[in-house]
Amino acid sequence: MLNGWQGSNEMAVIKVLPHSLREKIAAGEVIERPVSVVKELVENSIDAGAGRITVDIQEGGKRLIRVTDDGSGIYAVDMPLAAERHATSKISEEADLYAVSSLGFRGEALASIRAVSRLRIISRRADCDEGTELLAQGDEPMEIRPIGCAPGTSITVTDIFYNLPARLKFLKTNITEQRKIQEIMERYAMAYPEKAFVLTTDGRELLNAVPAASAEDRLIDIYGRQAVDGFVEVTAENDYVSISGLVSRPGFSRSNRSDQTLIINGRLVQSAVFRFALDRAYRELLPTGRYPLALIRLQVDPSKLDVNVHPQKAEVRFVDERDVGILLERAVRRTLLERRLRTLNPFTEARSEISRPGTITTGRKPYAVQAPVNMPLMEEAFTDFFSGKEMPAIKQDRTEAEADMPMKGDGFSGLQVAANTGVNIIGQALQMYVVAYDDLSIILIDQHAAHERILYDRLMQADGGGSEVQVLLLPETIELRPAEVSIVGERSDILKRLGFTVEPFGKNTYRLTGVPMELAEASPAAVFRDIVSDLMEIGGSAREEQIRASLCRRIACHAAVKAGDVLSESEMKQLTVDLLTVPGRAMTCPHGRPVMIKMGQAELLKAFYRS
Ligand code: ADP
Ligand code: MG
């Protein structure tokens, strides 16, 4: 068996790599792009107890990064080791590793930076008269000499990856790299409100955060006053962790998670447990694809925390992580539900919706009604109402029973009364809302959300006997990825019951010959593609009920009138009646947004300072 290597003419193929290559490889784990340098240097400044940290960059950090602080400084005697690998002042024995209280502890950052760029350190301890300068570049001999300078440390990194062209190629544009740096600086500013953070590029200020009295004040600095009103405070604790933070009200959300910041013992970290906890806390309060903004601070007993799990220290592990996730979820959920009424405040609620262009669609048939529609545009009437011009003559569309009801207010009773609801419709506003009132309140109905809710409920109920199918005059052929083909095959039963008629049509292709009746006006191929990606996302193990709900949500969303669709009088009426006459109907759309905002007398009086 051993003959193979016992031969006499073998050549060794394994060898130890030269030092400079080892350094480059090791640096690759720590320094991925300019922002990694900024992160490491800023963390060093924080560890040095700095109160003010200034970062200057050029060309997105590719040309130059300089981080200057007023922290402890470095002794001349320590300088020769500062940029050596595994050299640190922060821990000295194994036990320290299990109770790290500084951000750094691996002694790798400066060495890594040195391996892939030109490094210059100038530093002075406050208790020394003179400072020290260090110049280093890869394996070349370092230069160290005394220099006159202010107390604190200034580290300059130029020409990152000048000796690693492969990595240089992977850097994004200056503007993108700069944005990453901006983002991380903002996060540090939020994590350490008491410190001053300044970021400039070529002398232009990108961030200037003066010391703030509280996390909230700092948040105002970063997001602006108006946005911060959209946050609520959360706190929670158990015997080994305390949580404090600010999370956005449901009316204020983003399409990705980039505005979620988690700080564990002063570290900016990523955590899947934390992300899921937030997702769960906002379930039904935010539509899919929308994410809350959050700044969450966890203080954990350091002995419960393992910080040594990620080369860039971007993740940590801690004992009972799951419990902490649940603690966070409950705290956020409770806060949101307590504040729920206030989140329905139209002024905060409407903001994120209105400033959303791109949702305007034209040319589709709006809310479906049986009778042909031939009414003046309510929008016009609405405008006139508020501009104080005389109202156009409007055909009163009242039933006999309704006609018996007393007229409201000073004779203006709304353009029509939606049957049996007690609701008077005034008209459509902003091509998004039905404006109405009843005896007690002013009502705004989100036409899309309301229609979605109605369709969703109808679809979910119809399932037993199957939905009505609209046969397509022109069947659509749809090409899918292999994985998608198999999921369509697996879910063909559900699809059929919902009203999709599909058949295999050659390799990786399906032919769509029918869609649910509700989708008669939508683009069948587009809807089907969405449905397929939903199925992919849901995965193979989901329960049938869950899949059906998700697909019904998707169908409802595609089939519903959109923001921007002009509604006729009878369409508004139909929508309002459909929405309000089903007992127990949930007043959120299937994604969790409110379908209706009611401003009651009390609220109105208060808003007008009449109470
Ligand atoms: P680590 O932070 O893990 O100790 P680094 O390579 O980042 O490793 O830094 C090496 C050492 O250099 C630190 O332990 C610290 O003593 C010193 N140092 C680095 N930056 C600063 C700074 N801004 N102020 C004071 N000391 C610093
Ligand atoms: Mg460090």
# chains A, B, ... in the order shown; residues from 1 in each chain; ligands from 1
call {"tool": "residues_near_ligand", "arguments": {"ligand": "ligand 1", "cutoff": "9 Å", "atoms": "only C-alpha atoms and all ligand atoms", "output": "number ranges by chain"}}
result
A: 40-50, 67-75, 78-79, 81-91, 102-113, 121, 123-125, 152-155
call {"tool": "residues_around", "arguments": {"residues": "Gly60 in chain A", "least_positions_apart": "4", "cutoff": "12 Å", "atoms": "only C-alpha atoms", "output": "tab-separated table (two decimals) with N, CA and C atoms, in the first residue's frame"}}
result
chain	number	residue	atom	x	y	z
A	33	ARG	N	-12.58	45.61	0.43
A	33	ARG	CA	-12.75	46.81	-0.36
A	33	ARG	C	-12.49	48.01	0.54
A	34	PRO	N	-12.47	49.21	-0.04
A	34	PRO	CA	-12.12	50.38	0.79
A	34	PRO	C	-12.91	50.48	2.10
A	35	VAL	N	-14.18	50.15	2.03
A	35	VAL	CA	-14.98	50.30	3.26
A	35	VAL	C	-14.45	49.40	4.39
A	37	VAL	N	-11.37	48.94	5.11
A	37	VAL	CA	-10.31	49.72	5.75
A	37	VAL	C	-10.94	50.74	6.71
A	38	VAL	N	-11.95	51.42	6.20
A	38	VAL	CA	-12.62	52.42	7.03
A	38	VAL	C	-13.14	51.77	8.31
A	55	VAL	N	-12.95	61.06	8.94
A	55	VAL	CA	-12.53	60.21	7.83
A	55	VAL	C	-12.53	61.05	6.56
A	56	ASP	N	-11.40	61.07	5.87
A	56	ASP	CA	-11.33	61.73	4.57
A	56	ASP	C	-11.06	60.66	3.53
A	64	LEU	N	-7.29	57.17	-1.58
A	64	LEU	CA	-6.84	57.52	-0.23
A	64	LEU	C	-7.95	57.39	0.80
A	65	ILE	N	-7.55	56.91	1.97
A	65	ILE	CA	-8.44	56.91	3.13
A	65	ILE	C	-7.62	57.42	4.30
A	66	ARG	N	-8.12	58.43	4.99
A	66	ARG	CA	-7.40	58.89	6.19
A	66	ARG	C	-8.36	58.96	7.36
A	158	THR	N	-3.14	54.61	1.27
A	158	THR	CA	-3.25	55.02	-0.13
A	158	THR	C	-3.10	53.83	-1.06
A	159	ASP	N	-3.67	53.98	-2.23
A	159	ASP	CA	-3.54	53.01	-3.32
A	159	ASP	C	-3.85	51.59	-2.87
A	160	ILE	N	-5.02	51.41	-2.33
A	160	ILE	CA	-5.44	50.07	-1.90
A	160	ILE	C	-5.37	49.10	-3.08
A	171	LEU	N	-13.47	46.01	-7.60
A	171	LEU	CA	-14.05	47.16	-6.93
A	171	LEU	C	-15.09	47.80	-7.84
A	172	LYS	N	-16.09	48.39	-7.20
A	172	LYS	CA	-17.14	49.05	-7.97
A	172	LYS	C	-16.71	50.48	-8.29
A	173	THR	N	-17.59	51.24	-8.89
A	173	THR	CA	-17.26	52.62	-9.22
A	173	THR	C	-16.97	53.42	-7.94
A	174	ASN	N	-16.26	54.53	-8.12
A	174	ASN	CA	-15.94	55.37	-6.97
A	174	ASN	C	-17.19	55.71	-6.17
A	175	ILE	N	-18.25	56.00	-6.90
A	175	ILE	CA	-19.45	56.47	-6.22
A	175	ILE	C	-20.06	55.35	-5.38
A	176	THR	N	-19.98	54.13	-5.89
A	176	THR	CA	-20.53	53.00	-5.13
A	176	THR	C	-19.68	52.71	-3.90
A	177	GLU	N	-18.36	52.71	-4.09
A	177	GLU	CA	-17.50	52.46	-2.94
A	177	GLU	C	-17.70	53.56	-1.89
A	178	GLN	N	-17.86	54.78	-2.39
A	178	GLN	CA	-18.07	55.89	-1.47
A	178	GLN	C	-19.38	55.71	-0.70
A	179	ARG	N	-20.40	55.24	-1.41
A	179	ARG	CA	-21.69	55.06	-0.75
A	179	ARG	C	-21.59	54.02	0.37
A	180	LYS	N	-20.80	52.99	0.13
A	180	LYS	CA	-20.63	51.96	1.16
A	180	LYS	C	-19.96	52.57	2.39
A	181	ILE	N	-19.00	53.44	2.13
A	181	ILE	CA	-18.29	54.08	3.24
A	181	ILE	C	-19.24	55.01	3.99
A	182	GLN	N	-20.03	55.74	3.22
A	182	GLN	CA	-21.01	56.63	3.83
A	182	GLN	C	-21.95	55.84	4.74
A	199	LEU	N	-17.20	62.79	7.84
A	199	LEU	CA	-16.71	62.13	6.62
A	199	LEU	C	-16.65	63.16	5.50
A	200	THR	N	-15.49	63.25	4.87
A	200	THR	CA	-15.38	64.17	3.73
A	200	THR	C	-14.74	63.45	2.55
A	201	THR	N	-15.06	63.92	1.36
A	201	THR	CA	-14.35	63.45	0.19
A	201	THR	C	-13.85	64.68	-0.56
A	202	ASP	N	-12.57	64.74	-0.80
A	202	ASP	CA	-11.96	65.92	-1.43
A	202	ASP	C	-12.46	67.21	-0.79
A	206	LEU	N	-19.56	64.77	3.68
A	206	LEU	CA	-20.62	63.81	3.40
A	206	LEU	C	-21.41	63.49	4.65
call {"tool": "closest_residue", "arguments": {"among": "A:Val307, A:Cys557, A:Met185, A:Ile14", "to": "Ser36 in chain A", "atoms": "only C-alpha atoms"}}
result
A:Met185
call {"tool": "select_by_dssp", "arguments": {"residues": "range 185-227 of chain A", "states": "strand (DSSP E or B)", "output": "list in words"}}
result
Ala196, Phe197, Val198, Leu199, Thr200, Thr201, Arg204, Glu205, Leu206, Leu207, Asn208 and Ala209 of chain A
call {"tool": "residues_around", "arguments": {"residues": "range 437-440 of chain A", "least_positions_apart": "6", "cutoff": "9 Å", "atoms": "only C-alpha atoms", "output": "list in words"}}
result
Lys408, Gly414, Thr421, Gly422, Val423, Asn424, Ile425, Ile426, Lys598, Met599, Gly600 and Gln601 of chain A
call {"tool": "closest_residue", "arguments": {"among": "A:Val434, A:Ile442, A:Pro302, A:Val16", "to": "Ala602 in chain A", "atoms": "only C-alpha atoms"}}
result
A:Ile442
call {"tool": "select_by_dssp", "arguments": {"residues": "range 149-274 of chain A", "states": "helix (DSSP H, G or I)", "output": "ChimeraX atom specification"}}
result
/A:165-169,174-191,215-223,225-228,272-274
call {"tool": "residues_around", "arguments": {"residues": "range 115-117 of chain A", "least_positions_apart": "2", "cutoff": "9 Å", "atoms": "only C-alpha atoms", "output": "VMD selection string"}}
result
chain A and resid 20 to 21 23 to 24 26 to 28 31 110 to 113 119 136 to 139 157 to 164
call {"tool": "closest_residue", "arguments": {"among": "A:Lys62, A:Arg167, A:Arg204, A:Arg317", "to": "Val273 in chain A", "atoms": "only C-alpha atoms"}}
result
A:Arg317
call {"tool": "closest_residue", "arguments": {"among": "A:Ala213, A:Val30, A:Leu286, A:Ala549", "to": "ligand 2", "atoms": "only C-alpha atoms and all ligand atoms"}}
result
A:Val30
call {"tool": "residues_around", "arguments": {"residues": "range 474-480 of chain A", "least_positions_apart": "4", "cutoff": "10 Å", "atoms": "only C-alpha atoms", "output": "PyMOL selection string"}}
result
chain A and resi 484-486+488+501-514+524-526+528-529+532
call {"tool": "write_last_selection", "arguments": {"atoms": "N, CA and C atoms", "output": "PDB file, in the first residue's frame"}}
result
ATOM      1  N   GLU A 484     -38.091  25.465 -11.997  1.00  0.00           N
ATOM      2  CA  GLU A 484     -39.445  26.019 -12.021  1.00  0.00           C
ATOM      3  C   GLU A 484     -40.428  25.039 -12.644  1.00  0.00           C
ATOM      4  N   VAL A 485     -39.940  24.354 -13.674  1.00  0.00           N
ATOM      5  CA  VAL A 485     -40.794  23.363 -14.312  1.00  0.00           C
ATOM      6  C   VAL A 485     -41.234  22.327 -13.291  1.00  0.00           C
ATOM      7  N   SER A 486     -40.284  21.896 -12.471  1.00  0.00           N
ATOM      8  CA  SER A 486     -40.692  20.844 -11.541  1.00  0.00           C
ATOM      9  C   SER A 486     -41.630  21.376 -10.461  1.00  0.00           C
ATOM     10  N   VAL A 488     -43.872  23.711 -10.873  1.00  0.00           N
ATOM     11  CA  VAL A 488     -45.197  23.837 -11.489  1.00  0.00           C
ATOM     12  C   VAL A 488     -45.853  22.462 -11.568  1.00  0.00           C
ATOM     13  N   THR A 501     -55.056  27.126 -16.200  1.00  0.00           N
ATOM     14  CA  THR A 501     -54.986  25.922 -17.018  1.00  0.00           C
ATOM     15  C   THR A 501     -53.642  25.922 -17.739  1.00  0.00           C
ATOM     16  N   VAL A 502     -52.779  25.025 -17.327  1.00  0.00           N
ATOM     17  CA  VAL A 502     -51.460  24.947 -17.956  1.00  0.00           C
ATOM     18  C   VAL A 502     -51.175  23.526 -18.373  1.00  0.00           C
ATOM     19  N   GLU A 503     -50.454  23.393 -19.476  1.00  0.00           N
ATOM     20  CA  GLU A 503     -50.059  22.049 -19.903  1.00  0.00           C
ATOM     21  C   GLU A 503     -48.619  22.085 -20.395  1.00  0.00           C
ATOM     22  N   PRO A 504     -47.888  20.988 -20.174  1.00  0.00           N
ATOM     23  CA  PRO A 504     -46.514  20.935 -20.672  1.00  0.00           C
ATOM     24  C   PRO A 504     -46.531  21.102 -22.189  1.00  0.00           C
ATOM     25  N   PHE A 505     -45.558  21.796 -22.710  1.00  0.00           N
ATOM     26  CA  PHE A 505     -45.552  22.115 -24.142  1.00  0.00           C
ATOM     27  C   PHE A 505     -44.115  22.096 -24.619  1.00  0.00           C
ATOM     28  N   GLY A 506     -43.534  20.914 -24.605  1.00  0.00           N
ATOM     29  CA  GLY A 506     -42.130  20.816 -25.021  1.00  0.00           C
ATOM     30  C   GLY A 506     -41.201  21.060 -23.857  1.00  0.00           C
ATOM     31  N   LYS A 507     -39.934  21.026 -24.141  1.00  0.00           N
ATOM     32  CA  LYS A 507     -38.914  21.076 -23.112  1.00  0.00           C
ATOM     33  C   LYS A 507     -38.949  22.402 -22.342  1.00  0.00           C
ATOM     34  N   ASN A 508     -39.076  22.311 -21.039  1.00  0.00           N
ATOM     35  CA  ASN A 508     -39.075  23.493 -20.174  1.00  0.00           C
ATOM     36  C   ASN A 508     -40.097  24.554 -20.554  1.00  0.00           C
ATOM     37  N   THR A 509     -41.120  24.142 -21.253  1.00  0.00           N
ATOM     38  CA  THR A 509     -42.119  25.120 -21.670  1.00  0.00           C
ATOM     39  C   THR A 509     -43.506  24.668 -21.248  1.00  0.00           C
ATOM     40  N   TYR A 510     -44.297  25.630 -20.818  1.00  0.00           N
ATOM     41  CA  TYR A 510     -45.691  25.348 -20.506  1.00  0.00           C
ATOM     42  C   TYR A 510     -46.560  26.198 -21.395  1.00  0.00           C
ATOM     43  N   ARG A 511     -47.769  25.701 -21.644  1.00  0.00           N
ATOM     44  CA  ARG A 511     -48.731  26.510 -22.375  1.00  0.00           C
ATOM     45  C   ARG A 511     -49.845  26.884 -21.422  1.00  0.00           C
ATOM     46  N   LEU A 512     -50.112  28.169 -21.346  1.00  0.00           N
ATOM     47  CA  LEU A 512     -51.141  28.683 -20.443  1.00  0.00           C
ATOM     48  C   LEU A 512     -52.372  28.971 -21.283  1.00  0.00           C
ATOM     49  N   THR A 513     -53.464  28.232 -21.014  1.00  0.00           N
ATOM     50  CA  THR A 513     -54.664  28.420 -21.853  1.00  0.00           C
ATOM     51  C   THR A 513     -55.812  29.059 -21.087  1.00  0.00           C
ATOM     52  N   GLY A 514     -55.691  29.118 -19.764  1.00  0.00           N
ATOM     53  CA  GLY A 514     -56.755  29.753 -18.995  1.00  0.00           C
ATOM     54  C   GLY A 514     -56.225  30.347 -17.712  1.00  0.00           C
ATOM     55  N   PRO A 524     -51.507  37.729 -18.713  1.00  0.00           N
ATOM     56  CA  PRO A 524     -51.478  36.372 -18.153  1.00  0.00           C
ATOM     57  C   PRO A 524     -50.056  35.853 -17.927  1.00  0.00           C
ATOM     58  N   ALA A 525     -49.163  36.125 -18.885  1.00  0.00           N
ATOM     59  CA  ALA A 525     -47.812  35.583 -18.754  1.00  0.00           C
ATOM     60  C   ALA A 525     -47.108  36.186 -17.536  1.00  0.00           C
ATOM     61  N   ALA A 526     -47.293  37.497 -17.362  1.00  0.00           N
ATOM     62  CA  ALA A 526     -46.624  38.164 -16.242  1.00  0.00           C
ATOM     63  C   ALA A 526     -47.116  37.617 -14.911  1.00  0.00           C
ATOM     64  N   PHE A 528     -48.460  34.723 -14.354  1.00  0.00           N
ATOM     65  CA  PHE A 528     -48.040  33.341 -14.152  1.00  0.00           C
ATOM     66  C   PHE A 528     -46.578  33.266 -13.716  1.00  0.00           C
ATOM     67  N   ARG A 529     -45.761  34.137 -14.301  1.00  0.00           N
ATOM     68  CA  ARG A 529     -44.347  34.168 -13.892  1.00  0.00           C
ATOM     69  C   ARG A 529     -44.206  34.531 -12.411  1.00  0.00           C
ATOM     70  N   VAL A 532     -45.106  31.632 -10.369  1.00  0.00           N
ATOM     71  CA  VAL A 532     -44.040  30.627 -10.332  1.00  0.00           C
ATOM     72  C   VAL A 532     -42.930  31.067  -9.375  1.00  0.00           C
TER      73      VAL A 532
END
call {"tool": "residues_around", "arguments": {"residues": "range 214-220 of chain A", "least_positions_apart": "5", "cutoff": "12 Å", "atoms": "only C-alpha atoms", "output": "PDB file with N, CA and C atoms, in the first residue's frame"}}
result
ATOM      1  N   GLU A 186     -22.467  56.183   8.754  1.00  0.00           N
ATOM      2  CA  GLU A 186     -23.758  56.499   9.355  1.00  0.00           C
ATOM      3  C   GLU A 186     -24.111  55.492  10.441  1.00  0.00           C
ATOM      4  N   ARG A 187     -23.795  54.243  10.165  1.00  0.00           N
ATOM      5  CA  ARG A 187     -24.119  53.222  11.159  1.00  0.00           C
ATOM      6  C   ARG A 187     -23.289  53.398  12.429  1.00  0.00           C
ATOM      7  N   TYR A 188     -21.997  53.700  12.250  1.00  0.00           N
ATOM      8  CA  TYR A 188     -21.190  53.944  13.452  1.00  0.00           C
ATOM      9  C   TYR A 188     -21.708  55.151  14.207  1.00  0.00           C
ATOM     10  N   ALA A 189     -22.107  56.162  13.434  1.00  0.00           N
ATOM     11  CA  ALA A 189     -22.639  57.353  14.087  1.00  0.00           C
ATOM     12  C   ALA A 189     -23.876  56.995  14.914  1.00  0.00           C
ATOM     13  N   MET A 190     -24.689  56.083  14.390  1.00  0.00           N
ATOM     14  CA  MET A 190     -25.884  55.688  15.138  1.00  0.00           C
ATOM     15  C   MET A 190     -25.524  54.813  16.342  1.00  0.00           C
ATOM     16  N   ALA A 191     -24.466  54.024  16.169  1.00  0.00           N
ATOM     17  CA  ALA A 191     -24.065  53.140  17.267  1.00  0.00           C
ATOM     18  C   ALA A 191     -23.428  53.916  18.414  1.00  0.00           C
ATOM     19  N   TYR A 192     -22.759  55.019  18.093  1.00  0.00           N
ATOM     20  CA  TYR A 192     -22.052  55.798  19.112  1.00  0.00           C
ATOM     21  C   TYR A 192     -22.492  57.259  19.058  1.00  0.00           C
ATOM     22  N   PRO A 193     -23.714  57.513  19.533  1.00  0.00           N
ATOM     23  CA  PRO A 193     -24.237  58.878  19.391  1.00  0.00           C
ATOM     24  C   PRO A 193     -23.399  59.927  20.121  1.00  0.00           C
ATOM     25  N   GLU A 194     -22.674  59.508  21.155  1.00  0.00           N
ATOM     26  CA  GLU A 194     -21.944  60.498  21.960  1.00  0.00           C
ATOM     27  C   GLU A 194     -20.660  60.974  21.267  1.00  0.00           C
ATOM     28  N   LYS A 195     -20.252  60.265  20.217  1.00  0.00           N
ATOM     29  CA  LYS A 195     -19.012  60.642  19.526  1.00  0.00           C
ATOM     30  C   LYS A 195     -19.314  61.482  18.283  1.00  0.00           C
ATOM     31  N   ALA A 196     -18.333  62.315  17.916  1.00  0.00           N
ATOM     32  CA  ALA A 196     -18.484  63.087  16.677  1.00  0.00           C
ATOM     33  C   ALA A 196     -17.905  62.286  15.516  1.00  0.00           C
ATOM     34  N   PHE A 197     -18.627  62.229  14.403  1.00  0.00           N
ATOM     35  CA  PHE A 197     -18.142  61.551  13.205  1.00  0.00           C
ATOM     36  C   PHE A 197     -18.217  62.513  12.030  1.00  0.00           C
ATOM     37  N   LEU A 207     -20.759  63.671   5.792  1.00  0.00           N
ATOM     38  CA  LEU A 207     -21.438  63.429   7.071  1.00  0.00           C
ATOM     39  C   LEU A 207     -20.759  64.296   8.111  1.00  0.00           C
ATOM     40  N   ASN A 208     -21.572  64.916   8.935  1.00  0.00           N
ATOM     41  CA  ASN A 208     -21.002  65.669  10.041  1.00  0.00           C
ATOM     42  C   ASN A 208     -21.925  65.522  11.229  1.00  0.00           C
ATOM     43  N   ALA A 209     -21.642  64.532  12.039  1.00  0.00           N
ATOM     44  CA  ALA A 209     -22.502  64.230  13.177  1.00  0.00           C
ATOM     45  C   ALA A 209     -21.835  64.751  14.446  1.00  0.00           C
ATOM     46  N   ARG A 225     -35.637  65.052  10.982  1.00  0.00           N
ATOM     47  CA  ARG A 225     -36.673  65.135  12.014  1.00  0.00           C
ATOM     48  C   ARG A 225     -37.938  64.388  11.604  1.00  0.00           C
ATOM     49  N   GLN A 226     -38.372  64.676  10.363  1.00  0.00           N
ATOM     50  CA  GLN A 226     -39.644  64.128   9.930  1.00  0.00           C
ATOM     51  C   GLN A 226     -39.657  62.608   9.952  1.00  0.00           C
ATOM     52  N   ALA A 227     -38.570  62.025   9.489  1.00  0.00           N
ATOM     53  CA  ALA A 227     -38.499  60.576   9.457  1.00  0.00           C
ATOM     54  C   ALA A 227     -38.510  60.010  10.860  1.00  0.00           C
ATOM     55  N   VAL A 228     -37.830  60.679  11.767  1.00  0.00           N
ATOM     56  CA  VAL A 228     -37.705  60.116  13.101  1.00  0.00           C
ATOM     57  C   VAL A 228     -39.053  60.082  13.810  1.00  0.00           C
ATOM     58  N   ASP A 229     -39.963  60.972  13.430  1.00  0.00           N
ATOM     59  CA  ASP A 229     -41.317  60.875  13.978  1.00  0.00           C
ATOM     60  C   ASP A 229     -41.967  59.564  13.565  1.00  0.00           C
ATOM     61  N   GLY A 230     -41.434  58.945  12.532  1.00  0.00           N
ATOM     62  CA  GLY A 230     -41.973  57.665  12.083  1.00  0.00           C
ATOM     63  C   GLY A 230     -41.422  56.480  12.854  1.00  0.00           C
ATOM     64  N   PHE A 231     -40.603  56.733  13.870  1.00  0.00           N
ATOM     65  CA  PHE A 231     -40.037  55.639  14.667  1.00  0.00           C
ATOM     66  C   PHE A 231     -40.732  55.532  16.026  1.00  0.00           C
ATOM     67  N   VAL A 232     -40.754  54.360  16.564  1.00  0.00           N
ATOM     68  CA  VAL A 232     -41.186  54.195  17.952  1.00  0.00           C
ATOM     69  C   VAL A 232     -40.082  53.472  18.723  1.00  0.00           C
ATOM     70  N   GLU A 233     -40.099  53.686  20.023  1.00  0.00           N
ATOM     71  CA  GLU A 233     -39.049  53.119  20.862  1.00  0.00           C
ATOM     72  C   GLU A 233     -39.435  51.723  21.339  1.00  0.00           C
ATOM     73  N   VAL A 234     -38.455  50.818  21.367  1.00  0.00           N
ATOM     74  CA  VAL A 234     -38.715  49.505  21.972  1.00  0.00           C
ATOM     75  C   VAL A 234     -37.670  49.216  23.039  1.00  0.00           C
ATOM     76  N   SER A 244     -32.556  47.761  23.486  1.00  0.00           N
ATOM     77  CA  SER A 244     -33.224  49.048  23.352  1.00  0.00           C
ATOM     78  C   SER A 244     -33.094  49.455  21.906  1.00  0.00           C
ATOM     79  N   GLY A 245     -34.063  50.165  21.413  1.00  0.00           N
ATOM     80  CA  GLY A 245     -33.955  50.517  20.002  1.00  0.00           C
ATOM     81  C   GLY A 245     -35.100  51.361  19.519  1.00  0.00           C
ATOM     82  N   LEU A 246     -35.017  51.684  18.254  1.00  0.00           N
ATOM     83  CA  LEU A 246     -36.048  52.464  17.585  1.00  0.00           C
ATOM     84  C   LEU A 246     -36.427  51.712  16.321  1.00  0.00           C
ATOM     85  N   VAL A 247     -37.727  51.522  16.126  1.00  0.00           N
ATOM     86  CA  VAL A 247     -38.176  50.825  14.917  1.00  0.00           C
ATOM     87  C   VAL A 247     -39.244  51.667  14.242  1.00  0.00           C
ATOM     88  N   SER A 248     -39.377  51.479  12.925  1.00  0.00           N
ATOM     89  CA  SER A 248     -40.299  52.346  12.188  1.00  0.00           C
ATOM     90  C   SER A 248     -41.729  51.868  12.354  1.00  0.00           C
ATOM     91  N   ASP A 259     -31.782  49.688   5.907  1.00  0.00           N
ATOM     92  CA  ASP A 259     -31.928  50.606   7.028  1.00  0.00           C
ATOM     93  C   ASP A 259     -32.159  49.886   8.348  1.00  0.00           C
ATOM     94  N   THR A 261     -30.142  48.316  11.455  1.00  0.00           N
ATOM     95  CA  THR A 261     -28.827  48.280  12.059  1.00  0.00           C
ATOM     96  C   THR A 261     -28.908  47.586  13.402  1.00  0.00           C
ATOM     97  N   LEU A 293     -37.531  49.992   9.150  1.00  0.00           N
ATOM     98  CA  LEU A 293     -36.252  50.577   9.513  1.00  0.00           C
ATOM     99  C   LEU A 293     -36.055  50.261  10.996  1.00  0.00           C
ATOM    100  N   ALA A 294     -34.848  49.999  11.381  1.00  0.00           N
ATOM    101  CA  ALA A 294     -34.643  49.643  12.783  1.00  0.00           C
ATOM    102  C   ALA A 294     -33.223  49.944  13.216  1.00  0.00           C
ATOM    103  N   LEU A 295     -33.124  50.422  14.415  1.00  0.00           N
ATOM    104  CA  LEU A 295     -31.827  50.596  15.052  1.00  0.00           C
ATOM    105  C   LEU A 295     -31.952  49.892  16.396  1.00  0.00           C
ATOM    106  N   ILE A 296     -31.331  48.737  16.496  1.00  0.00           N
ATOM    107  CA  ILE A 296     -31.506  47.919  17.694  1.00  0.00           C
ATOM    108  C   ILE A 296     -30.168  47.747  18.386  1.00  0.00           C
ATOM    109  N   ARG A 297     -30.188  47.976  19.683  1.00  0.00           N
ATOM    110  CA  ARG A 297     -28.967  47.883  20.462  1.00  0.00           C
ATOM    111  C   ARG A 297     -29.133  46.768  21.504  1.00  0.00           C
TER     112      ARG A 297
END
call {"tool": "closest_residue", "arguments": {"among": "A:Lys313, A:Arg333, A:Lys15, A:Arg275", "to": "ligand 2", "atoms": "only C-alpha atoms and all ligand atoms"}}
result
A:Lys313
call {"tool": "atom_distance", "arguments": {"atom1": "CA of Val269 in chain A", "atom2": "CA of Ala314 in chain A"}}
result
4.8 Å
